[in-house]
Amino acid sequence: MYTGIKLINLLEKQHQKRSQSGLFKKDTFIIQWRAKVGSFPHPDVETIVSAGEPCGRWWPGEGRRPEDKRNVGENWERLRNLPLNGYIPGSCIRGLVRAWAKQRPEIKLRMYQLLGHQDNDKITPGKIEFLDAWPETATKLSLDIVNPQQEFQVYHQGQCTPLSLYTLGNGTSKIPVIVAIRGIPGKATNEEVSEVWEWVQQALSLYGVGSRTASGYGALKTSSSSQNPATDPRYAVKQFEFSLYSQGNAGPHIQTMELRPSHWRGWLRSWLMRFFLGVMPENLAKLTVAELMGDIDAGDGKSRKGCVRLQMIQGKTWGDRSENQPSFYLWKGKLQISAPKDILNKMILPIIRFAVMVGGVGRGWRRPLHIFCMNTGHQAARGTNLILSHKLKDKNTGELKPKNFGLPLKPEVWHQEYETWLAAVRNHWQDRVSTNNHNIKAEIFSPSTCAIYAVPGPDINPINIKSLKWEDIVPVETRGNGMDLIYNRNHPQNYKRNPDLGGNAGGGTAYCSWASIKRVNIANQEEKTDCQEIVCLFMGGQTPNADHVRSRFLRDLGNMNNNVHLFGVQSPQ
């Protein structure tokens, strides 16, 4: 660690003594969250390492298998931090700069001249050296998790198991790292070094560093406040403001509250899968999602690099706890999603409009934030309340004003939005679209595979958003008619904790609910309630006329007073 920093400083002094200060550039960049980069030696196969680094194997203990290191709970207790200091390999920075320059035809050939190039005929050496970037303070690699959710959340198969990995950063503290390059004396000029240094600033600020950057890892911000990254010429960017009221989200430690970019990434990926399963055969739907979001294996043994990037920007309110019991939490910040323009505007954003109307993000996303009474008599907060907004230009004043991102409670708007999305998909993936994929047991979002109703209640919003506390009401008053139906015990087979409808998050094997419920602060004039609940029921291969528990739940929804059928299949009359 100290050798790395000392080398950078000594090289800088050497160039200054030789009056070659223009050949050396350095600056401090800030890792905003976590980075999946290098260590010495590397702890697992997912860590990027420099080519000259000795590669050792990290074994968890005598007589144990390598995969045993993946147990998150045990690693949290025994090995929260590896006894290794992390850094950013110079080869990683160089690769990022090359990738950034290749997307810009006006400087691509210039990049080959300065950074080197190899073709079938000859090798052109580069003129610039990239140094390993080290944190200003020695920083060990900390425990992190990857939590595959698709099979569990979309297909209702198995129970997802979090896996361990280690990253530079702990998810709470930002990390300053020193990035430096130097021109090779006698080959590079001061002007050429300055030119490449500008590329470094742009590439690192735009793309981040290390692996998993599309999921929010490795985001970097330069200490030079005047340096704003140029946008990727192929991409469009959409920025949202979000407020997430939640029972709590976590990372490696289930009791430590932590909202992570990967929560958003999993949310978006799952919703893309639900939509594409409705318009494509299963194998092509998985391939399409892999092309958009990336995958190590899309079912054909090949890995795919996605084209959708996501970045979460932390706000001033972050994990604030409610004033009264039971505790819930609030996160506020920005969410940036970027993708090729037509993909973003015609494919991704319409799906987000639906997703934000029928659920939340992270733990408990299928239920509105409410008070739940456990068998012990204790009360607990359950569910989420997600508010996503964006800024639109006012037609009269021209000012940008925030507006909730979603859909009005008008059936014609929901159907038109879906049909417009479907037309764009047919146009883009003409050879893939087929709607004969509705009988598999999975959550499929289409007009013939799910049902969405708006129902009254609760009477008032149970959350006081100004003081961040529960209103003075009893637990049952935090529920609307949709939640009351889930909790109702008067059915031949209860809906709550029923694996075929209400799920079961209790001990043992967990099951997802097939119904997602979202509270919206839109008044129901007939019932005189300030709020309504939007209930999205995935049929999972069942039909409205069947005797299945999901079919019975659909009929109960349809018989509810003052309901509005917004989208999808309807209860038989």
# chains A, B, ... in the order shown; residues from 1 in each chain; ligands from 1

$ residues_around --residues "Met280 in chain A" --least-positions-apart "2" --cutoff "7 Å" --atoms "only C-alpha atoms" --output "compact mmCIF listing (two decimals) with C-alpha atoms, in the first residue's frame"
# COMPACT_ATOMS: atom_id res chain seq x y z
CA PHE A 276 -40.68 -9.94 -22.38
CA LEU A 277 -42.05 -13.30 -21.22
CA GLY A 278 -45.43 -11.93 -22.31
CA GLU A 282 -39.05 -18.11 -22.89
CA LEU A 284 -35.83 -15.53 -26.54
CA ALA A 285 -37.14 -13.49 -23.60
CA ARG A 432 -38.65 -12.80 -31.75
CA VAL A 433 -42.17 -11.68 -30.92
CA SER A 434 -44.70 -14.41 -30.24
CA THR A 435 -47.53 -14.24 -27.71
CA ASN A 437 -46.17 -18.27 -23.98

$ residues_around --residues "Phe130 in chain A" --least-positions-apart "3" --cutoff "12 Å" --atoms "only C-alpha atoms" --output "number ranges by chain"
A: 8, 23-26, 50, 88-98, 115, 126-127, 133, 178-184, 193, 196-197, 200

$ closest_residue --among "A:Gln542, A:Thr384, A:Ser448, A:Ser467" --to "Gln570 in chain A" --atoms "only C-alpha atoms"
A:Ser448

$ select_by_dssp --residues "range 370-540 of chain A" --states "strand (DSSP E or B)" --output "PyMOL selection string"
chain A and resi 370-373+379-382+384-393+400-404+450-456+463-464+469-470+504+511+515-520+524+529+532-538

$ select_by_dssp --residues "range 74-268 of chain A" --states "alpha helix (DSSP H)" --output "count of residues only"
59

$ closest_residue --among "A:Asp320, A:Glu533, A:Asp297, A:Glu241" --to "Arg367 in chain A" --atoms "only C-alpha atoms"
A:Glu533

$ residues_around --residues "Pro326 in chain A" --least-positions-apart "4" --cutoff "8 Å" --atoms "only C-alpha atoms" --output "PyMOL selection string"
chain A and resi 371+379-381

$ residues_around --residues "range 99-107 of chain A" --least-positions-apart "6" --cutoff "8 Å" --atoms "only C-alpha atoms" --output "MDAnalysis selection string"
chainID A and resid 199 203 232:234

$ write_last_selection --atoms "all heavy atoms" --output "CSV table (one decimal), in the first residue's frame"
chain,number,residue,atom,x,y,z
A,199,TRP,N,-8.9,12.5,-21.4
A,199,TRP,CA,-9.6,11.2,-21.6
A,199,TRP,C,-9.8,10.4,-20.3
A,199,TRP,O,-10.9,9.9,-20.1
A,199,TRP,CB,-8.9,10.4,-22.6
A,199,TRP,CG,-8.7,11.0,-24.0
A,199,TRP,CD1,-9.2,12.1,-24.5
A,199,TRP,CD2,-7.8,10.5,-25.0
A,199,TRP,NE1,-8.8,12.4,-25.7
A,199,TRP,CE2,-7.9,11.4,-26.1
A,199,TRP,CE3,-7.0,9.3,-25.1
A,199,TRP,CZ2,-7.2,11.2,-27.3
A,199,TRP,CZ3,-6.3,9.1,-26.3
A,199,TRP,CH2,-6.4,10.0,-27.4
A,203,ALA,N,-13.4,9.3,-19.0
A,203,ALA,CA,-13.8,7.9,-19.0
A,203,ALA,C,-14.1,7.4,-17.6
A,203,ALA,O,-15.1,6.7,-17.4
A,203,ALA,CB,-12.6,7.1,-19.6
A,232,ASP,N,-22.1,9.6,-23.2
A,232,ASP,CA,-21.7,8.6,-24.3
A,232,ASP,C,-22.6,8.9,-25.5
A,232,ASP,O,-23.8,9.0,-25.4
A,232,ASP,CB,-22.1,7.2,-23.7
A,232,ASP,CG,-21.5,6.1,-24.6
A,232,ASP,OD1,-21.6,6.2,-25.8
A,232,ASP,OD2,-20.9,5.2,-24.1
A,233,PRO,N,-21.9,9.1,-26.7
A,233,PRO,CA,-22.7,9.5,-27.9
A,233,PRO,C,-23.8,8.5,-28.3
A,233,PRO,O,-24.7,8.9,-29.0
A,233,PRO,CB,-21.6,9.6,-29.0
A,233,PRO,CG,-20.5,8.8,-28.4
A,233,PRO,CD,-20.5,8.9,-27.0
A,234,ARG,N,-23.7,7.3,-27.9
A,234,ARG,CA,-24.7,6.3,-28.2
A,234,ARG,C,-25.9,6.2,-27.3
A,234,ARG,O,-26.9,5.6,-27.5
A,234,ARG,CB,-24.1,4.9,-28.3
A,234,ARG,CG,-22.9,4.7,-29.2
A,234,ARG,CD,-22.3,3.3,-28.9
A,234,ARG,NE,-21.9,3.1,-27.5
A,234,ARG,CZ,-21.8,2.0,-26.9
A,234,ARG,NH1,-22.1,0.8,-27.6
A,234,ARG,NH2,-21.5,1.9,-25.6

$ closest_residue --among "A:Gly480, A:Pro340, A:Pro447, A:Gly540" --to "Asp459 in chain A" --atoms "only C-alpha atoms"
A:Gly480

$ closest_atom_pairs --of "range 442-475 of chain A" --to "range 520-529 of chain A" --cutoff "8 Å" --atoms "only C-alpha atoms" --output "Markdown table"
| residue | atom | partner | partner_atom | distance |
| --- | --- | --- | --- | --- |
| A:Pro456 | CA | A:Asn524 | CA | 6.0 |
| A:Gly457 | CA | A:Thr529 | CA | 5.6 |
| A:Pro458 | CA | A:Thr529 | CA | 6.4 |
| A:Asp459 | CA | A:Thr529 | CA | 4.3 |
| A:Ile460 | CA | A:Thr529 | CA | 6.5 |
| A:Asn461 | CA | A:Asn521 | CA | 7.0 |

$ atom_distance --atom1 "CA of Ile145 in chain A" --atom2 "CA of Leu82 in chain A"
14.3 Å
